[in-house]
Amino acid sequence: KTRALGVDADTLSAILGRAANLPADVSQGVARAFFETEFAPREVNVGGFFTGYYEPEVLGSRAPTDEFQVPLYRTPHDLVEIAPGTEAGLDPSFRFAQRTAAGLSEYADRGAIMAGALAGRGLELVHIQDPVDAFFVHIQGAARVRLGDGTVMRVTYAAKSGHPYTPIGRVLIETGALSAGGVTMQAIRAWLAAHPAAAPGVMARNCSYIFFREAPVDDGSLGPVAAAKVPLTAGRSLAVDRLLHTFHSPVWIETTLPSGATYRRLMVAQDTGSAIVGPARGDIFFGSGDGAGEIAGAMRAGGRFVVLMPKEGRR
């Protein structure tokens with residue numbers, strides 16, 4: 001679908017069709033010539049800002065046990081998707097609501113669900129060990145869950161409660177728990193672990209709650225299927241603002257990794273996220289597991305954001 005920045009979806013689709021006919025072992029020179037023929041670079045003239053995300057790996061059990069008691073839930077049957085601003089009485093930003101006999105209303109938020117609002121409804125998809133791990137699975141929108149029989153279960157985003165996303169890093173800054181320059185995933189995790197009594201209340205400040213579905217793991221080298229309906233590729237898939245960018249658009253980025261290394265490469269817009277807002281805002285998918293998480297959790301850097309515009313049908 002064509003989005004506000006003007007990358008025409010039909011023209012892009014035709015180009016991607018031609019790309020699919022190139023040999024799988026195409027040389028770098030041929031690939032470069034193809035992009036130079038088909039696309040023209042357009043730098044987004046606002047400051048680029050990049051973060052990272054990943055697919056966590058956690059231990060879990062399909063049935064609750066003494067060790068695994070924290071559920072990840074399936075989509076409830078009374079949760080429905082709505083167009084923003086179409087339902088009187090609901091926040092105009094809401095895209096999900098609860099269907100009731102009296103009409104549509106706000107769904108239970110994170111705090112209510114953590115307190116048991118969905119317990120006993122048979123919605124549990126899998127159970128994991130730690131509520132903080134569960135919270136970060138929600139933030140990332142997917143996970144690989146290693147079960148006791150040695151198999152790997154992949155869960156991925158299916159829907160959300162509809163409530164706005166609130167970064168709890170901001171909450172911890174506002175309360176003085178963390179400094180503005182020290183907010184990383186690792187710092188937030190450490191604070192939550194060190195303050196178990198306060199942690200549930202802080203996590204509940206992010207009212208948005210994610211529901212999951214089970215997804216196949218057809219290729220262990222690839223990430224989950226994301227918003228653009230294709231599996232994510234580590235270091236090549238970029239989450240962007242879905243209201244501005246047309247999915248599958250090539251994007252050239254230049255930024256700096258937490259290690260200090262320069263990161264310059266061609267990415268593809270294949271995902272989105274509640275916190276990814278703005279024309280030069282990018283969230284880099286770094287892969288699966290703890291190693292990817294270490295990079296993703298510390299990734300916060302400025303840089304260049306260059307959209308490759310199809311030469312045909314340019315606006």
# chains A, B, ... in the order shown; residues from 1 in each chain; ligands from 1

$ select_by_dssp --residues "range 197-269 of chain A" --states "helix (DSSP H, G or I)" --output "list in words"
Ala199, Pro200, Gly201, Val202, Met203 and Ala204 of chain A

$ residues_around --residues "range 216-223 of chain A" --least-positions-apart "4" --cutoff "6 Å" --atoms "only C-alpha atoms" --output "VMD selection string"
chain A and resid 231 to 233

$ write_last_selection --atoms "C-alpha atoms" --output "PDB file, in the first residue's frame"
ATOM      1  CA  PRO A 231      10.501 -13.224   7.679  1.00  0.00           C
ATOM      2  CA  LEU A 232      12.913 -10.721   9.137  1.00  0.00           C
ATOM      3  CA  THR A 233      16.604 -10.910   8.202  1.00  0.00           C
TER       4      THR A 233
END

$ closest_residue --among "A:Arg154, A:Ala234, A:Phe286, A:Glu67" --to "Met299 in chain A" --atoms "only C-alpha atoms"
A:Phe286

$ residues_around --residues "range 209-215 of chain A" --least-positions-apart "3" --cutoff "8 Å" --atoms "only C-alpha atoms" --output "PyMOL selection string"
chain A and resi 72-75+109-110+125+138+141-142+153-163+206+224

$ write_last_selection --atoms "N, CA and C atoms" --output "short mmCIF file (atom, residue, chain, number, x, y, z; two decimals), in the first residue's frame"
data_model
loop_
_atom_site.label_atom_id
_atom_site.label_comp_id
_atom_site.auth_asym_id
_atom_site.auth_seq_id
_atom_site.Cartn_x
_atom_site.Cartn_y
_atom_site.Cartn_z
N LEU A 72 1.86 -16.06 28.21
CA LEU A 72 1.70 -15.21 27.03
C LEU A 72 0.35 -15.61 26.44
N TYR A 73 -0.50 -14.63 26.16
CA TYR A 73 -1.88 -14.92 25.80
C TYR A 73 -2.13 -14.88 24.29
N ARG A 74 -3.06 -15.73 23.85
CA ARG A 74 -3.64 -15.63 22.51
C ARG A 74 -4.58 -14.43 22.45
N THR A 75 -4.99 -14.08 21.23
CA THR A 75 -5.95 -12.99 21.05
C THR A 75 -7.32 -13.39 21.60
N ASP A 109 -6.31 -3.08 30.18
CA ASP A 109 -4.94 -2.65 29.90
C ASP A 109 -3.95 -3.60 30.59
N ARG A 110 -2.67 -3.29 30.46
CA ARG A 110 -1.64 -4.19 30.99
C ARG A 110 -1.81 -4.44 32.49
N LEU A 125 -1.17 -19.25 25.70
CA LEU A 125 -0.48 -19.88 24.57
C LEU A 125 0.73 -20.66 25.05
N HIS A 138 6.96 -8.82 25.04
CA HIS A 138 5.93 -7.91 24.53
C HIS A 138 6.56 -6.74 23.78
N GLY A 141 7.86 -8.05 20.53
CA GLY A 141 6.77 -8.52 19.68
C GLY A 141 6.91 -9.94 19.18
N ALA A 142 7.92 -10.68 19.66
CA ALA A 142 8.13 -12.06 19.22
C ALA A 142 9.14 -12.71 20.14
N MET A 153 9.49 -23.32 20.05
CA MET A 153 8.20 -22.74 19.69
C MET A 153 8.41 -21.25 19.42
N ARG A 154 7.95 -20.78 18.29
CA ARG A 154 8.06 -19.35 18.00
C ARG A 154 6.70 -18.70 18.23
N VAL A 155 6.70 -17.61 18.98
CA VAL A 155 5.49 -16.82 19.15
C VAL A 155 5.74 -15.45 18.53
N THR A 156 4.70 -14.89 17.93
CA THR A 156 4.85 -13.59 17.29
C THR A 156 3.57 -12.79 17.46
N TYR A 157 3.67 -11.51 17.21
CA TYR A 157 2.57 -10.57 17.42
C TYR A 157 1.30 -10.99 16.68
N ALA A 158 0.16 -10.90 17.37
CA ALA A 158 -1.13 -11.16 16.74
C ALA A 158 -2.06 -9.96 16.85
N ALA A 159 -2.05 -9.28 17.98
CA ALA A 159 -2.93 -8.12 18.21
C ALA A 159 -2.46 -7.42 19.48
N LYS A 160 -3.11 -6.31 19.83
CA LYS A 160 -2.78 -5.63 21.07
C LYS A 160 -4.04 -5.04 21.68
N SER A 161 -3.91 -4.61 22.91
CA SER A 161 -5.09 -4.16 23.65
C SER A 161 -5.69 -2.88 23.10
N GLY A 162 -4.89 -2.08 22.41
CA GLY A 162 -5.37 -0.82 21.86
C GLY A 162 -4.86 0.39 22.61
N HIS A 163 -4.41 0.20 23.83
CA HIS A 163 -3.92 1.32 24.63
C HIS A 163 -2.60 1.86 24.08
N ASN A 206 3.08 1.02 31.11
CA ASN A 206 2.92 0.81 29.67
C ASN A 206 1.62 0.05 29.48
N PRO A 224 11.18 -13.82 12.83
CA PRO A 224 9.74 -14.05 12.67
C PRO A 224 9.18 -13.29 11.48
#

$ residues_around --residues "range 272-282 of chain A" --least-positions-apart "2" --cutoff "7 Å" --atoms "only C-alpha atoms" --output "number ranges by chain"
A: 44, 46-51, 165, 227, 238-242, 244, 284, 305

$ write_last_selection --atoms "all heavy atoms" --output "short mmCIF file (atom, residue, chain, number, x, y, z; two decimals), in the first residue's frame"
data_model
loop_
_atom_site.label_atom_id
_atom_site.label_comp_id
_atom_site.auth_asym_id
_atom_site.auth_seq_id
_atom_site.Cartn_x
_atom_site.Cartn_y
_atom_site.Cartn_z
N VAL A 44 16.00 11.76 3.65
CA VAL A 44 14.98 12.39 4.48
C VAL A 44 15.68 13.50 5.27
O VAL A 44 16.59 13.23 6.06
CB VAL A 44 14.33 11.37 5.42
CG1 VAL A 44 13.28 12.05 6.29
CG2 VAL A 44 13.69 10.24 4.61
N VAL A 46 15.52 15.22 7.85
CA VAL A 46 15.39 15.43 9.30
C VAL A 46 16.39 14.49 9.95
O VAL A 46 16.85 13.53 9.32
CB VAL A 46 13.96 15.15 9.80
CG1 VAL A 46 12.97 16.14 9.22
CG2 VAL A 46 13.53 13.73 9.48
N GLY A 47 16.74 14.77 11.18
CA GLY A 47 17.75 13.93 11.83
C GLY A 47 17.31 12.49 11.96
O GLY A 47 16.29 12.20 12.59
N GLY A 48 18.07 11.59 11.37
CA GLY A 48 17.77 10.17 11.51
C GLY A 48 18.06 9.69 12.92
O GLY A 48 19.01 10.16 13.56
N PHE A 49 17.24 8.77 13.40
CA PHE A 49 17.47 8.20 14.73
C PHE A 49 17.18 6.71 14.68
O PHE A 49 16.12 6.29 14.19
CB PHE A 49 16.60 8.88 15.78
CG PHE A 49 16.87 8.36 17.17
CD1 PHE A 49 18.08 8.63 17.81
CD2 PHE A 49 15.93 7.61 17.84
CE1 PHE A 49 18.34 8.15 19.08
CE2 PHE A 49 16.17 7.13 19.12
CZ PHE A 49 17.39 7.40 19.74
N PHE A 50 18.13 5.91 15.21
CA PHE A 50 18.05 4.46 15.08
C PHE A 50 18.14 3.78 16.43
O PHE A 50 18.98 4.13 17.27
CB PHE A 50 19.17 3.95 14.17
CG PHE A 50 19.11 4.52 12.78
CD1 PHE A 50 19.85 5.65 12.45
CD2 PHE A 50 18.29 3.95 11.82
CE1 PHE A 50 19.77 6.20 11.18
CE2 PHE A 50 18.22 4.48 10.55
CZ PHE A 50 18.96 5.62 10.22
N THR A 51 17.27 2.82 16.62
CA THR A 51 17.33 1.91 17.76
C THR A 51 17.42 0.49 17.20
O THR A 51 17.52 0.30 15.99
CB THR A 51 16.09 2.07 18.66
OG1 THR A 51 14.91 1.98 17.84
CG2 THR A 51 16.11 3.40 19.38
N TYR A 165 1.22 3.03 23.65
CA TYR A 165 2.50 2.50 24.14
C TYR A 165 3.22 3.58 24.94
O TYR A 165 3.39 4.71 24.47
CB TYR A 165 3.36 2.05 22.96
CG TYR A 165 4.75 1.61 23.33
CD1 TYR A 165 4.99 0.32 23.77
CD2 TYR A 165 5.83 2.50 23.24
CE1 TYR A 165 6.27 -0.10 24.10
CE2 TYR A 165 7.11 2.10 23.57
CZ TYR A 165 7.32 0.80 24.00
OH TYR A 165 8.59 0.39 24.34
N ALA A 227 5.45 -7.32 10.05
CA ALA A 227 4.30 -6.58 9.53
C ALA A 227 4.18 -6.63 8.02
O ALA A 227 3.09 -6.56 7.47
CB ALA A 227 4.37 -5.14 10.00
N LEU A 238 14.35 -3.50 8.53
CA LEU A 238 14.22 -2.24 9.25
C LEU A 238 12.75 -2.01 9.58
O LEU A 238 11.88 -2.13 8.71
CB LEU A 238 14.75 -1.09 8.39
CG LEU A 238 14.88 0.28 9.05
CD1 LEU A 238 16.00 0.27 10.08
CD2 LEU A 238 15.14 1.36 8.00
N ALA A 239 12.45 -1.68 10.82
CA ALA A 239 11.11 -1.25 11.20
C ALA A 239 11.01 0.25 11.02
O ALA A 239 11.91 1.00 11.41
CB ALA A 239 10.81 -1.64 12.64
N VAL A 240 9.90 0.69 10.42
CA VAL A 240 9.71 2.10 10.07
C VAL A 240 8.30 2.52 10.47
O VAL A 240 7.47 1.71 10.88
CB VAL A 240 9.90 2.31 8.55
CG1 VAL A 240 11.34 2.02 8.14
CG2 VAL A 240 8.93 1.44 7.75
N ASP A 241 8.02 3.79 10.31
CA ASP A 241 6.69 4.33 10.56
C ASP A 241 5.77 3.87 9.43
O ASP A 241 5.90 4.30 8.29
CB ASP A 241 6.75 5.85 10.62
CG ASP A 241 5.45 6.50 11.07
OD1 ASP A 241 4.38 5.93 10.81
OD2 ASP A 241 5.51 7.60 11.64
N ARG A 242 4.80 3.01 9.76
CA ARG A 242 3.93 2.40 8.74
C ARG A 242 2.99 3.39 8.08
O ARG A 242 2.45 3.12 7.01
CB ARG A 242 3.11 1.27 9.35
CG ARG A 242 2.14 1.71 10.43
CD ARG A 242 1.44 0.53 11.09
NE ARG A 242 0.57 -0.16 10.16
CZ ARG A 242 -0.70 0.20 9.93
NH1 ARG A 242 -1.22 1.25 10.55
NH2 ARG A 242 -1.45 -0.48 9.10
N LEU A 244 3.95 6.33 7.06
CA LEU A 244 4.75 7.15 6.16
C LEU A 244 5.45 6.34 5.08
O LEU A 244 5.55 6.78 3.92
CB LEU A 244 5.80 7.93 6.95
CG LEU A 244 5.27 8.89 8.02
CD1 LEU A 244 6.43 9.54 8.76
CD2 LEU A 244 4.38 9.95 7.40
N ILE A 284 16.38 -1.27 13.88
CA ILE A 284 17.14 -2.29 13.15
C ILE A 284 16.93 -3.65 13.81
O ILE A 284 17.12 -3.80 15.02
CB ILE A 284 18.64 -1.94 13.15
CG1 ILE A 284 18.87 -0.57 12.52
CG2 ILE A 284 19.46 -3.02 12.45
CD1 ILE A 284 20.25 0.01 12.82
N PHE A 305 19.29 8.74 6.81
CA PHE A 305 18.18 7.88 6.43
C PHE A 305 17.84 8.26 4.98
O PHE A 305 17.33 9.35 4.72
CB PHE A 305 16.99 8.14 7.36
CG PHE A 305 15.89 7.13 7.29
CD1 PHE A 305 15.63 6.28 8.35
CD2 PHE A 305 15.06 7.05 6.18
CE1 PHE A 305 14.59 5.36 8.31
CE2 PHE A 305 14.03 6.14 6.12
CZ PHE A 305 13.79 5.29 7.20
#

$ residues_around --residues "Asp133 in chain A" --least-positions-apart "2" --cutoff "10 Å" --atoms "only C-alpha atoms" --output "list in words"
Pro56, Glu57, Val58, Leu59, Val70, Ile128, Gln129, Asp130, Pro131, Phe135, Phe136, Val137, His138, Ile139 and Arg189 of chain A

$ atom_distance --atom1 "CA of Pro310 in chain A" --atom2 "CA of Tyr54 in chain A"
29.3 Å

$ residues_around --residues "range 171-176 of chain A" --least-positions-apart "5" --cutoff "10 Å" --atoms "only C-alpha atoms" --output "PyMOL selection string"
chain A and resi 166+181-183+188+191+202-203+205-206

$ atom_distance --atom1 "CA of Lys1 in chain A" --atom2 "CA of His77 in chain A"
27.9 Å

$ atom_distance --atom1 "CA of Pro41 in chain A" --atom2 "CA of Leu308 in chain A"
4.5 Å

$ closest_residue --among "A:Ala117, A:Ala226, A:Ile168, A:Val307" --to "Met185 in chain A" --atoms "only C-alpha atoms"
A:Ile168

$ residues_around --residues "range 252-261 of chain A" --least-positions-apart "3" --cutoff "7 Å" --atoms "only C-alpha atoms" --output "ChimeraX atom specification"
/A:264-267,295,298-299,301-307

$ write_last_selection --atoms "N, CA and C atoms" --output "compact mmCIF listing (two decimals), in the first residue's frame"
# COMPACT_ATOMS: atom_id res chain seq x y z
N ARG A 264 26.92 1.15 7.93
CA ARG A 264 26.44 1.71 6.67
C ARG A 264 25.96 0.56 5.80
N ARG A 265 24.67 0.53 5.46
CA ARG A 265 24.20 -0.58 4.66
C ARG A 265 22.80 -0.32 4.12
N LEU A 266 22.45 -1.15 3.13
CA LEU A 266 21.12 -1.11 2.55
C LEU A 266 20.19 -2.01 3.35
N MET A 267 19.09 -1.45 3.79
CA MET A 267 18.09 -2.17 4.55
C MET A 267 16.79 -2.22 3.74
N ILE A 295 23.25 -6.09 21.58
CA ILE A 295 23.43 -4.97 20.64
C ILE A 295 22.15 -4.15 20.56
N ALA A 298 21.21 -1.74 23.50
CA ALA A 298 22.03 -0.55 23.72
C ALA A 298 22.04 0.38 22.51
N MET A 299 21.31 0.02 21.45
CA MET A 299 21.36 0.78 20.20
C MET A 299 20.51 2.04 20.30
N ALA A 301 21.24 5.80 18.34
CA ALA A 301 22.21 6.64 17.63
C ALA A 301 21.53 7.40 16.50
N GLY A 302 22.08 8.56 16.20
CA GLY A 302 21.63 9.32 15.06
C GLY A 302 22.26 8.80 13.78
N GLY A 303 21.92 9.43 12.67
CA GLY A 303 22.51 9.02 11.40
C GLY A 303 21.71 9.50 10.20
N ARG A 304 22.08 8.97 9.06
CA ARG A 304 21.42 9.33 7.79
C ARG A 304 20.38 8.28 7.43
N PHE A 305 19.29 8.74 6.81
CA PHE A 305 18.18 7.88 6.43
C PHE A 305 17.84 8.26 4.98
N VAL A 306 18.15 7.38 4.05
CA VAL A 306 17.98 7.67 2.62
C VAL A 306 17.02 6.64 2.02
N VAL A 307 15.87 7.09 1.56
CA VAL A 307 14.90 6.21 0.91
C VAL A 307 15.25 6.11 -0.57

$ select_by_dssp --residues "range 154-274 of chain A" --states "strand (DSSP E or B)" --output "ChimeraX atom specification"
/A:154-160,210-215,225,231,237-239,250-256,262-271

$ write_last_selection --atoms "C-alpha atoms" --output "short mmCIF file (atom, residue, chain, number, x, y, z; two decimals), in the first residue's frame"
data_model
loop_
_atom_site.label_atom_id
_atom_site.label_comp_id
_atom_site.auth_asym_id
_atom_site.auth_seq_id
_atom_site.Cartn_x
_atom_site.Cartn_y
_atom_site.Cartn_z
CA ARG A 154 8.06 -19.35 18.00
CA VAL A 155 5.49 -16.82 19.15
CA THR A 156 4.85 -13.59 17.29
CA TYR A 157 2.57 -10.57 17.42
CA ALA A 158 -1.13 -11.16 16.74
CA ALA A 159 -2.93 -8.12 18.21
CA LYS A 160 -2.78 -5.63 21.07
CA ILE A 210 0.41 -7.62 23.22
CA PHE A 211 -1.32 -10.87 22.24
CA PHE A 212 0.55 -13.62 20.39
CA ARG A 213 0.11 -16.47 17.97
CA GLU A 214 2.29 -19.48 17.35
CA ALA A 215 4.32 -19.31 14.15
CA VAL A 225 7.29 -13.00 9.98
CA PRO A 231 10.50 -13.22 7.68
CA SER A 237 15.25 -5.68 8.05
CA LEU A 238 14.22 -2.24 9.25
CA ALA A 239 11.11 -1.25 11.20
CA PRO A 250 14.92 -0.10 0.16
CA VAL A 251 16.47 2.29 2.68
CA TRP A 252 20.14 3.21 2.94
CA ILE A 253 21.21 3.98 6.52
CA GLU A 254 24.39 5.31 8.07
CA THR A 255 24.69 5.20 11.84
CA THR A 256 26.94 4.00 14.67
CA THR A 262 30.21 2.57 11.72
CA TYR A 263 27.10 0.89 10.35
CA ARG A 264 26.44 1.71 6.67
CA ARG A 265 24.20 -0.58 4.66
CA LEU A 266 21.12 -1.11 2.55
CA MET A 267 18.09 -2.17 4.55
CA VAL A 268 14.50 -3.04 3.60
CA ALA A 269 11.42 -1.60 5.31
CA GLN A 270 9.75 -4.77 6.55
CA ASP A 271 8.28 -4.02 9.97
#

$ closest_residue --among "A:Thr184, A:Val30, A:Val132, A:Ala9" --to "Pro167 in chain A" --atoms "only C-alpha atoms"
A:Thr184
